[in-house]
$ cat my_file.cif   # mmCIF, C-alpha atoms
data_structure
loop_
_atom_site.group_PDB
_atom_site.id
_atom_site.type_symbol
_atom_site.label_atom_id
_atom_site.label_comp_id
_atom_site.auth_asym_id
_atom_site.auth_seq_id
_atom_site.Cartn_x
_atom_site.Cartn_y
_atom_site.Cartn_z
ATOM 1 C CA MET A 199 -63.307 -47.167 27.592
ATOM 2 C CA ALA A 200 -63.043 -45.986 31.171
ATOM 3 C CA ALA A 201 -59.461 -47.243 31.424
ATOM 4 C CA ILE A 202 -58.270 -44.862 28.712
ATOM 5 C CA LEU A 203 -59.887 -41.703 30.063
ATOM 6 C CA PRO A 204 -57.790 -41.301 33.247
ATOM 7 C CA GLY A 205 -54.674 -41.018 31.045
ATOM 8 C CA ARG A 206 -56.314 -38.155 29.160
ATOM 9 C CA ILE A 207 -57.242 -36.444 32.419
ATOM 10 C CA ARG A 208 -53.743 -37.008 33.840
ATOM 11 C CA LEU A 209 -52.040 -35.490 30.797
ATOM 12 C CA LEU A 210 -54.377 -32.482 30.673
ATOM 13 C CA LEU A 211 -53.620 -31.888 34.338
ATOM 14 C CA LEU A 212 -49.882 -32.287 33.708
ATOM 15 C CA LEU A 213 -49.961 -29.743 30.884
ATOM 16 C CA PHE A 214 -51.998 -27.269 32.930
ATOM 17 C CA THR A 215 -49.718 -27.630 35.963
ATOM 18 C CA ALA A 216 -46.590 -27.081 33.867
ATOM 19 C CA ILE A 217 -48.001 -23.946 32.245
ATOM 20 C CA ALA A 218 -49.265 -22.534 35.542
ATOM 21 C CA ALA A 219 -45.959 -23.148 37.333
ATOM 22 C CA ALA A 220 -43.573 -21.887 34.640
ATOM 23 C CA PRO A 221 -42.589 -18.255 34.108
ATOM 24 C CA THR A 222 -44.665 -16.560 31.418
ATOM 25 C CA ALA A 223 -41.567 -15.892 29.306
ATOM 26 C CA ALA A 224 -40.930 -19.605 29.007
ATOM 27 C CA PHE A 225 -44.107 -19.955 26.942
ATOM 28 C CA ALA A 226 -43.804 -16.750 24.922
ATOM 29 C CA GLN A 227 -41.882 -18.436 22.101
ATOM 30 C CA PRO A 228 -41.655 -22.047 20.947
ATOM 31 C CA TRP A 229 -38.663 -23.979 22.221
ATOM 32 C CA ARG A 230 -36.245 -24.818 19.418
ATOM 33 C CA PRO A 231 -33.835 -27.751 19.688
ATOM 34 C CA ASP A 232 -30.190 -26.695 19.657
ATOM 35 C CA ALA A 233 -29.330 -29.904 17.806
ATOM 36 C CA GLY A 234 -31.209 -28.767 14.703
ATOM 37 C CA ILE A 235 -33.421 -30.604 12.251
ATOM 38 C CA ALA A 236 -32.623 -34.147 11.098
ATOM 39 C CA THR A 237 -35.134 -34.322 8.243
ATOM 40 C CA SER A 238 -38.214 -32.544 6.910
ATOM 41 C CA ARG A 239 -41.330 -33.688 5.072
ATOM 42 C CA GLN A 240 -44.394 -31.972 3.655
ATOM 43 C CA LEU A 241 -48.045 -32.917 3.876
ATOM 44 C CA LYS A 242 -50.685 -31.468 1.564
ATOM 45 C CA ILE A 243 -54.109 -31.692 3.119
ATOM 46 C CA GLY A 244 -57.340 -29.724 3.244
ATOM 47 C CA GLY A 245 -55.952 -26.873 1.156
ATOM 48 C CA ALA A 246 -52.938 -26.508 3.439
ATOM 49 C CA THR A 247 -49.242 -27.322 3.451
ATOM 50 C CA LEU A 248 -47.920 -28.795 6.686
ATOM 51 C CA GLN A 249 -44.159 -28.785 7.065
ATOM 52 C CA VAL A 250 -43.195 -31.614 9.402
ATOM 53 C CA ASP A 251 -39.689 -31.300 10.841
ATOM 54 C CA PHE A 252 -38.030 -34.059 12.846
ATOM 55 C CA ALA A 253 -35.497 -32.685 15.320
ATOM 56 C CA ASN A 254 -32.267 -34.438 16.144
ATOM 57 C CA GLY A 255 -32.403 -36.455 19.321
ATOM 58 C CA PRO A 256 -32.471 -40.008 20.644
ATOM 59 C CA PRO A 257 -33.495 -42.469 17.911
ATOM 60 C CA LEU A 258 -37.187 -43.263 17.954
ATOM 61 C CA ASP A 259 -38.271 -46.889 17.877
ATOM 62 C CA LEU A 260 -40.960 -46.039 15.332
ATOM 63 C CA PRO A 261 -40.078 -45.307 11.694
ATOM 64 C CA LEU A 262 -40.534 -41.649 10.780
ATOM 65 C CA ASP A 263 -43.086 -42.582 8.122
ATOM 66 C CA VAL A 264 -45.317 -44.096 10.806
ATOM 67 C CA ILE A 265 -45.217 -40.886 12.826
ATOM 68 C CA LEU A 266 -45.807 -38.844 9.676
ATOM 69 C CA LYS A 267 -48.866 -40.963 8.909
ATOM 70 C CA HIS A 268 -50.146 -40.349 12.428
ATOM 71 C CA ILE A 269 -49.826 -36.584 11.957
ATOM 72 C CA GLN A 270 -51.596 -36.873 8.612
ATOM 73 C CA THR A 271 -54.437 -38.788 10.269
ATOM 74 C CA ALA A 272 -54.805 -36.054 12.886
ATOM 75 C CA ALA A 273 -54.764 -33.340 10.224
ATOM 76 C CA SER A 274 -57.404 -35.270 8.257
ATOM 77 C CA ALA A 275 -59.685 -35.334 11.292
ATOM 78 C CA VAL A 276 -59.374 -31.566 11.731
ATOM 79 C CA THR A 277 -59.991 -31.065 8.006
ATOM 80 C CA THR A 278 -63.102 -33.237 8.155
ATOM 81 C CA TYR A 279 -64.618 -31.337 11.072
ATOM 82 C CA TYR A 280 -63.891 -27.862 9.682
ATOM 83 C CA GLY A 281 -64.356 -28.637 5.979
ATOM 84 C CA ARG A 282 -60.743 -27.622 5.337
ATOM 85 C CA PHE A 283 -57.562 -27.363 7.322
ATOM 86 C CA PRO A 284 -57.934 -24.086 9.237
ATOM 87 C CA VAL A 285 -54.684 -22.431 8.116
ATOM 88 C CA THR A 286 -52.890 -22.713 4.792
ATOM 89 C CA HIS A 287 -49.297 -22.836 6.064
ATOM 90 C CA ALA A 288 -48.418 -24.724 9.242
ATOM 91 C CA ARG A 289 -45.426 -26.402 10.834
ATOM 92 C CA VAL A 290 -45.210 -29.439 13.094
ATOM 93 C CA LEU A 291 -41.915 -29.949 14.926
ATOM 94 C CA VAL A 292 -41.397 -33.485 16.228
ATOM 95 C CA VAL A 293 -38.914 -33.544 19.116
ATOM 96 C CA PRO A 294 -37.699 -37.014 20.225
ATOM 97 C CA VAL A 295 -37.119 -37.244 23.976
ATOM 98 C CA GLU A 296 -35.411 -39.927 26.022
ATOM 99 C CA GLY A 297 -37.530 -42.372 27.929
ATOM 100 C CA GLY A 298 -40.231 -44.865 27.436
ATOM 101 C CA ARG A 299 -43.788 -45.466 28.393
ATOM 102 C CA GLY A 300 -45.993 -43.036 30.230
ATOM 103 C CA GLU A 301 -47.341 -39.996 28.496
ATOM 104 C CA GLU A 302 -45.791 -40.710 25.120
ATOM 105 C CA ILE A 303 -46.830 -37.550 23.266
ATOM 106 C CA GLN A 304 -47.053 -34.010 24.601
ATOM 107 C CA GLY A 305 -47.819 -30.943 22.530
ATOM 108 C CA THR A 306 -47.954 -27.157 22.482
ATOM 109 C CA THR A 307 -49.246 -24.904 19.716
ATOM 110 C CA TRP A 308 -48.564 -21.248 18.884
ATOM 111 C CA GLY A 309 -49.698 -18.896 16.161
ATOM 112 C CA GLY A 310 -47.668 -16.714 13.810
ATOM 113 C CA VAL A 311 -44.175 -18.174 14.308
ATOM 114 C CA ASP A 312 -41.399 -17.830 11.706
ATOM 115 C CA GLY A 313 -43.854 -17.215 8.878
ATOM 116 C CA PHE A 314 -46.131 -20.134 9.776
ATOM 117 C CA GLN A 315 -49.735 -19.408 10.715
ATOM 118 C CA GLY A 316 -49.730 -22.362 13.083
ATOM 119 C CA PHE A 317 -46.785 -24.036 14.816
ATOM 120 C CA THR A 318 -47.168 -27.239 16.826
ATOM 121 C CA ARG A 319 -44.371 -28.839 18.794
ATOM 122 C CA LEU A 320 -44.833 -32.530 19.575
ATOM 123 C CA ARG A 321 -42.526 -34.184 22.102
ATOM 124 C CA ILE A 322 -42.527 -37.929 21.403
ATOM 125 C CA ALA A 323 -40.919 -40.417 23.797
ATOM 126 C CA GLN A 324 -38.190 -42.579 22.323
ATOM 127 C CA HIS A 325 -39.955 -45.894 22.939
ATOM 128 C CA THR A 326 -43.439 -44.877 21.801
ATOM 129 C CA THR A 327 -45.216 -47.757 20.043
ATOM 130 C CA THR A 328 -47.823 -48.036 17.306
ATOM 131 C CA ALA A 329 -50.355 -48.887 20.022
ATOM 132 C CA ASP A 330 -49.465 -45.646 21.779
ATOM 133 C CA LEU A 331 -50.092 -43.721 18.569
ATOM 134 C CA ALA A 332 -53.467 -45.412 18.185
ATOM 135 C CA ASP A 333 -54.413 -44.171 21.668
ATOM 136 C CA ASP A 334 -52.998 -40.687 21.148
ATOM 137 C CA TRP A 335 -55.410 -37.749 21.152
ATOM 138 C CA VAL A 336 -52.853 -34.987 21.777
ATOM 139 C CA THR A 337 -51.828 -34.530 18.126
ATOM 140 C CA THR A 338 -55.386 -33.860 16.979
ATOM 141 C CA HIS A 339 -56.050 -31.673 20.044
ATOM 142 C CA GLU A 340 -53.058 -29.490 19.183
ATOM 143 C CA LEU A 341 -53.997 -29.093 15.514
ATOM 144 C CA VAL A 342 -57.543 -28.090 16.494
ATOM 145 C CA HIS A 343 -55.975 -25.142 18.323
ATOM 146 C CA MET A 344 -55.105 -23.648 14.933
ATOM 147 C CA ALA A 345 -58.830 -23.281 14.185
ATOM 148 C CA PHE A 346 -59.647 -20.484 16.634
ATOM 149 C CA PRO A 347 -58.163 -17.047 17.296
ATOM 150 C CA SER A 348 -55.800 -16.426 20.183
ATOM 151 C CA LEU A 349 -57.769 -14.954 23.081
ATOM 152 C CA PRO A 350 -56.972 -12.872 26.171
ATOM 153 C CA ASP A 351 -55.746 -14.864 29.161
ATOM 154 C CA ASP A 352 -59.126 -14.840 30.927
ATOM 155 C CA GLN A 353 -60.692 -16.682 27.980
ATOM 156 C CA HIS A 354 -58.015 -19.363 27.680
ATOM 157 C CA TRP A 355 -60.748 -21.814 28.720
ATOM 158 C CA MET A 356 -62.439 -21.355 25.339
ATOM 159 C CA GLU A 357 -59.299 -22.254 23.376
ATOM 160 C CA GLU A 358 -58.715 -25.375 25.468
ATOM 161 C CA GLY A 359 -62.400 -26.203 25.678
ATOM 162 C CA ILE A 360 -62.832 -26.235 21.906
ATOM 163 C CA ALA A 361 -59.763 -28.445 21.449
ATOM 164 C CA THR A 362 -60.955 -30.826 24.180
ATOM 165 C CA TYR A 363 -64.498 -31.048 22.772
ATOM 166 C CA VAL A 364 -63.810 -31.082 19.028
ATOM 167 C CA GLU A 365 -60.874 -33.533 18.996
ATOM 168 C CA PRO A 366 -62.867 -36.727 19.673
ATOM 169 C CA LEU A 367 -65.779 -35.599 17.465
ATOM 170 C CA ALA A 368 -63.408 -34.996 14.568
ATOM 171 C CA ARG A 369 -61.845 -38.423 15.040
ATOM 172 C CA VAL A 370 -65.186 -40.220 15.179
ATOM 173 C CA MET A 371 -66.198 -38.487 11.933
ATOM 174 C CA THR A 372 -63.209 -40.048 10.179
ATOM 175 C CA GLY A 373 -63.855 -43.468 11.700
ATOM 176 C CA GLU A 374 -60.820 -43.381 13.982
ATOM 177 C CA LEU A 375 -63.019 -43.595 17.095
ATOM 178 C CA GLN A 376 -66.381 -45.164 17.801
ATOM 179 C CA ALA A 377 -69.269 -42.924 18.869
ATOM 180 C CA GLN A 378 -69.923 -45.045 21.950
ATOM 181 C CA LYS A 379 -66.387 -44.471 23.232
ATOM 182 C CA VAL A 380 -66.641 -40.720 22.644
ATOM 183 C CA TRP A 381 -69.871 -40.459 24.621
ATOM 184 C CA ALA A 382 -68.484 -42.651 27.394
ATOM 185 C CA ASP A 383 -65.489 -40.332 27.696
ATOM 186 C CA MET A 384 -67.795 -37.309 27.840
ATOM 187 C CA VAL A 385 -69.892 -38.886 30.584
ATOM 188 C CA HIS A 386 -66.741 -39.527 32.622
ATOM 189 C CA GLY A 387 -65.103 -36.178 31.891
ATOM 190 C CA MET A 388 -67.693 -33.406 31.633
ATOM 191 C CA GLY A 389 -68.464 -33.322 35.337
ATOM 192 C CA GLN A 390 -64.897 -32.162 35.964
ATOM 193 C CA GLY A 391 -65.831 -28.883 34.281
ATOM 194 C CA GLU A 392 -68.602 -28.008 36.726
ATOM 195 C CA PRO A 393 -67.982 -25.083 39.105
ATOM 196 C CA ARG A 394 -66.685 -25.932 42.563
ATOM 197 C CA SER A 395 -66.899 -24.029 45.834
ATOM 198 C CA GLY A 396 -65.612 -20.473 45.440
ATOM 199 C CA ASP A 397 -66.055 -20.429 41.654
ATOM 200 C CA GLN A 398 -66.522 -16.906 40.274
ATOM 201 C CA GLY A 399 -67.452 -17.763 36.709
ATOM 202 C CA ILE A 400 -65.529 -19.301 33.881
ATOM 203 C CA ASP A 401 -63.622 -16.094 33.012
ATOM 204 C CA ARG A 402 -62.452 -15.643 36.591
ATOM 205 C CA THR A 403 -61.753 -19.210 37.736
ATOM 206 C CA HIS A 404 -58.549 -20.476 36.170
ATOM 207 C CA THR A 405 -58.372 -23.993 37.561
ATOM 208 C CA TRP A 406 -57.485 -27.064 35.518
ATOM 209 C CA GLY A 407 -61.034 -28.409 35.588
ATOM 210 C CA ARG A 408 -62.638 -25.160 34.518
ATOM 211 C CA THR A 409 -60.014 -24.440 31.843
ATOM 212 C CA TYR A 410 -60.180 -27.756 29.988
ATOM 213 C CA TRP A 411 -63.395 -29.537 30.940
ATOM 214 C CA GLY A 412 -65.239 -26.327 31.810
ATOM 215 C CA GLY A 413 -64.508 -25.043 28.326
ATOM 216 C CA ALA A 414 -65.547 -28.373 26.827
ATOM 217 C CA LEU A 415 -68.753 -28.305 28.901
ATOM 218 C CA PHE A 416 -69.575 -24.849 27.529
ATOM 219 C CA CYS A 417 -69.069 -26.150 23.978
ATOM 220 C CA PHE A 418 -71.149 -29.259 24.616
ATOM 221 C CA VAL A 419 -74.091 -27.402 26.153
ATOM 222 C CA ALA A 420 -73.943 -24.794 23.374
ATOM 223 C CA ASP A 421 -73.895 -27.522 20.717
ATOM 224 C CA VAL A 422 -77.010 -29.175 22.156
ATOM 225 C CA GLU A 423 -78.834 -25.866 22.578
ATOM 226 C CA ILE A 424 -78.059 -24.647 19.056
ATOM 227 C CA ARG A 425 -79.436 -27.922 17.735
ATOM 228 C CA ARG A 426 -82.559 -27.613 19.907
ATOM 229 C CA GLN A 427 -83.269 -24.112 18.643
ATOM 230 C CA THR A 428 -82.629 -24.887 14.970
ATOM 231 C CA GLY A 429 -84.436 -28.214 14.825
ATOM 232 C CA ASN A 430 -81.051 -29.962 14.595
ATOM 233 C CA LYS A 431 -80.244 -28.171 11.329
ATOM 234 C CA LYS A 432 -77.275 -26.282 12.818
ATOM 235 C CA GLY A 433 -74.736 -27.006 15.512
ATOM 236 C CA LEU A 434 -71.510 -25.765 17.057
ATOM 237 C CA GLN A 435 -69.652 -27.121 14.032
ATOM 238 C CA ASP A 436 -71.376 -24.492 11.848
ATOM 239 C CA ALA A 437 -70.407 -21.741 14.274
ATOM 240 C CA LEU A 438 -66.761 -22.800 14.441
ATOM 241 C CA ARG A 439 -66.485 -23.169 10.681
ATOM 242 C CA ALA A 440 -67.825 -19.628 10.315
ATOM 243 C CA VAL A 441 -65.173 -18.294 12.686
ATOM 244 C CA VAL A 442 -62.417 -19.904 10.599
ATOM 245 C CA ALA A 443 -63.989 -18.604 7.366
ATOM 246 C CA ALA A 444 -63.923 -15.079 8.845
ATOM 247 C CA GLY A 445 -60.170 -15.374 9.501
ATOM 248 C CA GLY A 446 -60.427 -16.399 13.141
ATOM 249 C CA THR A 447 -57.371 -18.641 13.333
ATOM 250 C CA ILE A 448 -54.581 -18.972 15.874
ATOM 251 C CA ASP A 449 -52.348 -16.387 14.187
ATOM 252 C CA HIS A 450 -54.852 -13.613 14.967
ATOM 253 C CA ASP A 451 -55.668 -12.036 18.341
ATOM 254 C CA TRP A 452 -59.392 -11.505 18.807
ATOM 255 C CA PRO A 453 -61.702 -10.678 21.688
ATOM 256 C CA LEU A 454 -63.961 -13.632 22.446
ATOM 257 C CA ASP A 455 -67.111 -11.564 21.872
ATOM 258 C CA ARG A 456 -66.185 -11.149 18.207
ATOM 259 C CA ALA A 457 -65.840 -14.886 17.608
ATOM 260 C CA LEU A 458 -69.052 -15.712 19.459
ATOM 261 C CA ALA A 459 -71.025 -13.123 17.485
ATOM 262 C CA ILE A 460 -69.788 -14.631 14.207
ATOM 263 C CA GLY A 461 -70.780 -18.082 15.424
ATOM 264 C CA ASP A 462 -74.257 -16.916 16.393
ATOM 265 C CA ARG A 463 -74.828 -15.306 13.010
ATOM 266 C CA ALA A 464 -73.876 -18.573 11.313
ATOM 267 C CA THR A 465 -76.455 -20.525 13.322
ATOM 268 C CA GLY A 466 -79.166 -17.866 13.397
ATOM 269 C CA THR A 467 -79.273 -17.998 17.197
ATOM 270 C CA HIS A 468 -77.908 -16.083 20.193
ATOM 271 C CA VAL A 469 -76.816 -19.186 22.062
ATOM 272 C CA LEU A 470 -73.094 -18.471 22.297
ATOM 273 C CA THR A 471 -73.324 -14.818 23.319
ATOM 274 C CA GLU A 472 -76.134 -15.441 25.788
ATOM 275 C CA MET A 473 -74.401 -18.418 27.370
ATOM 276 C CA TYR A 474 -71.165 -16.479 27.691
ATOM 277 C CA ALA A 475 -72.972 -13.585 29.384
ATOM 278 C CA GLN A 476 -74.353 -16.052 31.943
ATOM 279 C CA TRP A 477 -71.222 -18.148 32.451
ATOM 280 C CA LYS A 478 -68.423 -15.588 32.463
ATOM 281 C CA ASP A 479 -68.965 -14.110 35.945
ATOM 282 C CA SER A 480 -71.250 -16.653 37.602
ATOM 283 C CA PRO A 481 -70.828 -20.331 38.568
ATOM 284 C CA VAL A 482 -73.489 -21.805 36.280
ATOM 285 C CA ARG A 483 -74.073 -25.510 36.922
ATOM 286 C CA VAL A 484 -75.379 -27.927 34.309
ATOM 287 C CA ASP A 485 -77.840 -30.681 35.199
ATOM 288 C CA LEU A 486 -75.737 -33.350 33.500
ATOM 289 C CA PRO A 487 -77.782 -36.376 34.656
ATOM 290 C CA LYS A 488 -80.880 -34.797 33.093
ATOM 291 C CA LEU A 489 -78.989 -33.956 29.900
ATOM 292 C CA TRP A 490 -77.574 -37.482 29.552
ATOM 293 C CA SER A 491 -81.079 -38.835 30.039
ATOM 294 C CA GLU A 492 -82.558 -36.524 27.386
ATOM 295 C CA LEU A 493 -79.805 -37.557 24.966
ATOM 296 C CA GLY A 494 -80.456 -41.231 25.691
ATOM 297 C CA ILE A 495 -77.008 -41.983 27.118
ATOM 298 C CA HIS A 496 -77.193 -44.518 29.912
ATOM 299 C CA SER A 497 -74.185 -45.540 32.000
ATOM 300 C CA VAL A 498 -73.634 -49.254 32.579
ATOM 301 C CA PRO A 499 -71.733 -50.945 35.448
ATOM 302 C CA ASP A 500 -68.556 -51.704 33.456
ATOM 303 C CA GLY A 501 -67.883 -47.978 32.963
ATOM 304 C CA GLY A 502 -69.281 -47.844 29.449
ATOM 305 C CA ILE A 503 -72.592 -46.520 28.140
ATOM 306 C CA GLU A 504 -75.529 -47.677 26.083
ATOM 307 C CA PHE A 505 -77.775 -45.665 23.761
ATOM 308 C CA LEU A 506 -81.518 -45.386 24.323
ATOM 309 C CA PRO A 507 -83.064 -44.946 20.860
ATOM 310 C CA ASN A 508 -86.336 -43.307 21.946
ATOM 311 C CA ALA A 509 -84.850 -40.540 24.091
ATOM 312 C CA PRO A 510 -86.137 -37.001 23.398
ATOM 313 C CA LEU A 511 -82.786 -35.779 22.047
ATOM 314 C CA ALA A 512 -81.534 -39.020 20.498
ATOM 315 C CA ASN A 513 -81.387 -37.369 17.066
ATOM 316 C CA ILE A 514 -79.202 -34.583 18.459
ATOM 317 C CA ARG A 515 -76.930 -37.148 20.125
ATOM 318 C CA ASP A 516 -76.457 -38.948 16.834
ATOM 319 C CA SER A 517 -75.912 -35.741 14.853
ATOM 320 C CA ILE A 518 -73.180 -34.448 17.168
ATOM 321 C CA VAL A 519 -71.008 -37.456 16.361
ATOM 322 C CA GLY A 520 -72.437 -38.005 12.889
ATOM 323 C CA LYS A 521 -70.946 -37.537 9.478
ATOM 324 C CA ALA A 522 -69.297 -34.187 8.862
ATOM 325 C CA LYS A 523 -71.235 -31.728 6.768
ATOM 326 C CA GLN A 524 -69.947 -31.147 3.292
ATOM 327 C CA ASN A 525 -67.852 -28.045 2.863
ATOM 328 C CA PRO A 526 -70.240 -25.431 1.415
ATOM 329 C CA ASN A 527 -67.440 -23.775 -0.552
#

$ encode --input "my_file.cif" --output "structure tokens"
Amino acid sequence: MAAILPGRIRLLLLLFTAIAAAPTAAFAQPWRPDAGIATSRQLKIGGATLQVDFANGPPLDLPLDVILKHIQTAASAVTTYYGRFPVTHARVLVVPVEGGRGEEIQGTTWGGVDGFQGFTRLRIAQHTTTADLADDWVTTHELVHMAFPSLPDDQHWMEEGIATYVEPLARVMTGELQAQKVWADMVHGMGQGEPRSGDQGIDRTHTWGRTYWGGALFCFVADVEIRRQTGNKKGLQDALRAVVAAGGTIDHDWPLDRALAIGDRATGTHVLTEMYAQWKDSPVRVDLPKLWSELGIHSVPDGGIEFLPNAPLANIRDSIVGKAKQNPN
């Protein structure tokens, strides 16, 4: 478990560094391969049509059908978490790149491109293997991005935080991951989202840790608190589904306050708006050791975790990674 997580952290840091270092114009529009499209397929899933285009490039070792199945698996996880695929018309562009092992899959997602509500570009290394696909979390992470509106730059942490937090939960709901691995990864990763010296609040501190893991930490704490206040009848999943149902997808620009208010109405709480008011301009720290203890998540020497069944919030722990709620529609 612990051996896989550093790769996730390394790739998140790589993506953040590339975005921070590049001119803004370089990320304004999706890169399109000059060589054109070699072949196209369609996936029908969760009420949506996903057009999957394979760009010309170096021949991939994996058959295209294997990669297509991997994209379908990722889309199924997103559909399971949200009750439907968040947009009805999306495109995934697979770009083969020369090279072998390392970070085999890298992704970027935009909204409202060429008539598609969501557009994800996946760069897949030529010698990627089936084992690499089994370890890949990037594809699901990128498709989760389609399930929230595009926000102002200062709230980019919320877009990345949701994708970082929801991706493993969605995959455990479909049986792709085990709950114990997901919690072990959270224990190892969430601390990276805590404020450091000089932090001015999550809206005003645009570091890698605060953008990805800080956003995920906000989502995690909100999820637990919503469940506390509702007797575990509602959670962050209900809030995020409500945002999508209200049209809050990547092809729309919204202020964050609007999305949070919709989420709070769906849960009958004020957790999201109140947390944001506290976190946005101040370096709020979370007592993670206490929270892990309340959830009954105990770290063991080999880097994994064990569950304590009689912990005060054990039912909340199990619900967060439990079966997805049925789509009410």

$ closest_atom_pairs --input "my_file.cif" --of "region 417-488 of chain A" --to "region 400-404 of chain A" --cutoff "9 Å" --atoms "all atoms listed in the file" --output "CSV"
residue,atom,partner,partner_atom,distance
A:Tyr474,CA,A:Ile400,CA,8.8
A:Trp477,CA,A:Ile400,CA,6.0
A:Lys478,CA,A:Asp401,CA,4.9
A:Asp479,CA,A:Asp401,CA,6.4
A:Ser480,CA,A:Ile400,CA,7.3
A:Pro481,CA,A:Ile400,CA,7.1
A:Val482,CA,A:Ile400,CA,8.7

$ residues_around --input "my_file.cif" --residues "Leu341 (chain A)" --least-positions-apart "6" --cutoff "10 Å" --atoms "all atoms listed in the file" --output "MDAnalysis selection string"
chainID A and resid 269 272:273 275:277 283:285 288 290 305:307 316:318 361 365

$ residues_around --input "my_file.cif" --residues "Met473 (chain A)" --least-positions-apart "4" --cutoff "12 Å" --atoms "only C-alpha atoms" --output "ChimeraX atom specification"
/A:399-400,413,415-421,423-424,455,458-459,462,467-469,477-484

$ atom_distance --input "my_file.cif" --atom1 "CA of Glu358 (chain A)" --atom2 "CA of Trp411 (chain A)"
8.3 Å

$ atom_distance --input "my_file.cif" --atom1 "CA of His354 (chain A)" --atom2 "CA of Val311 (chain A)"
19.3 Å

$ closest_residue --input "my_file.cif" --among "A:Ala323, A:Val250, A:Ala414, A:Leu349" --to "Met388 (chain A)" --atoms "all atoms listed in the file"
A:Ala414

$ resolve_selection --input "my_file.cif" --expression "the PyMOL selection byres ((chain A and resi 464) around 12)" --output "MDAnalysis selection string"
chainID A and resid 424 428 431:444 457:463 465:470

$ resolve_selection --input "my_file.cif" --expression "the PyMOL selection byres ((chain A and resi 313) around 12)" --output "PDB file with C-alpha atoms, keeping the file's coordinate frame"
ATOM      1  CA  GLN A 249     -44.159 -28.785   7.065  1.00  0.00           C
ATOM      2  CA  THR A 286     -52.890 -22.713   4.792  1.00  0.00           C
ATOM      3  CA  HIS A 287     -49.297 -22.836   6.064  1.00  0.00           C
ATOM      4  CA  ALA A 288     -48.418 -24.724   9.242  1.00  0.00           C
ATOM      5  CA  ARG A 289     -45.426 -26.402  10.834  1.00  0.00           C
ATOM      6  CA  TRP A 308     -48.564 -21.248  18.884  1.00  0.00           C
ATOM      7  CA  GLY A 309     -49.698 -18.896  16.161  1.00  0.00           C
ATOM      8  CA  GLY A 310     -47.668 -16.714  13.810  1.00  0.00           C
ATOM      9  CA  VAL A 311     -44.175 -18.174  14.308  1.00  0.00           C
ATOM     10  CA  ASP A 312     -41.399 -17.830  11.706  1.00  0.00           C
ATOM     11  CA  PHE A 314     -46.131 -20.134   9.776  1.00  0.00           C
ATOM     12  CA  GLN A 315     -49.735 -19.408  10.715  1.00  0.00           C
ATOM     13  CA  GLY A 316     -49.730 -22.362  13.083  1.00  0.00           C
ATOM     14  CA  PHE A 317     -46.785 -24.036  14.816  1.00  0.00           C
ATOM     15  CA  ASP A 449     -52.348 -16.387  14.187  1.00  0.00           C
TER      16      ASP A 449
END

$ atom_distance --input "my_file.cif" --atom1 "CA of Trp335 (chain A)" --atom2 "CA of Leu486 (chain A)"
24.2 Å

$ resolve_selection --input "my_file.cif" --expression "the PyMOL selection byres ((chain A and resi 251-256) around 6)" --output "compact mmCIF listing (two decimals) with C-alpha atoms, in the frame of the given file"
# COMPACT_ATOMS: atom_id res chain seq x y z
CA ALA A 233 -29.33 -29.90 17.81
CA GLY A 234 -31.21 -28.77 14.70
CA ILE A 235 -33.42 -30.60 12.25
CA ALA A 236 -32.62 -34.15 11.10
CA THR A 237 -35.13 -34.32 8.24
CA SER A 238 -38.21 -32.54 6.91
CA VAL A 250 -43.20 -31.61 9.40
CA PRO A 257 -33.49 -42.47 17.91
CA LEU A 291 -41.92 -29.95 14.93
CA VAL A 292 -41.40 -33.48 16.23
CA VAL A 293 -38.91 -33.54 19.12
CA PRO A 294 -37.70 -37.01 20.23

$ closest_residue --input "my_file.cif" --among "A:Ser497, A:Gln324, A:Thr278, A:Asn430" --to "Met384 (chain A)" --atoms "only C-alpha atoms"
A:Ser497
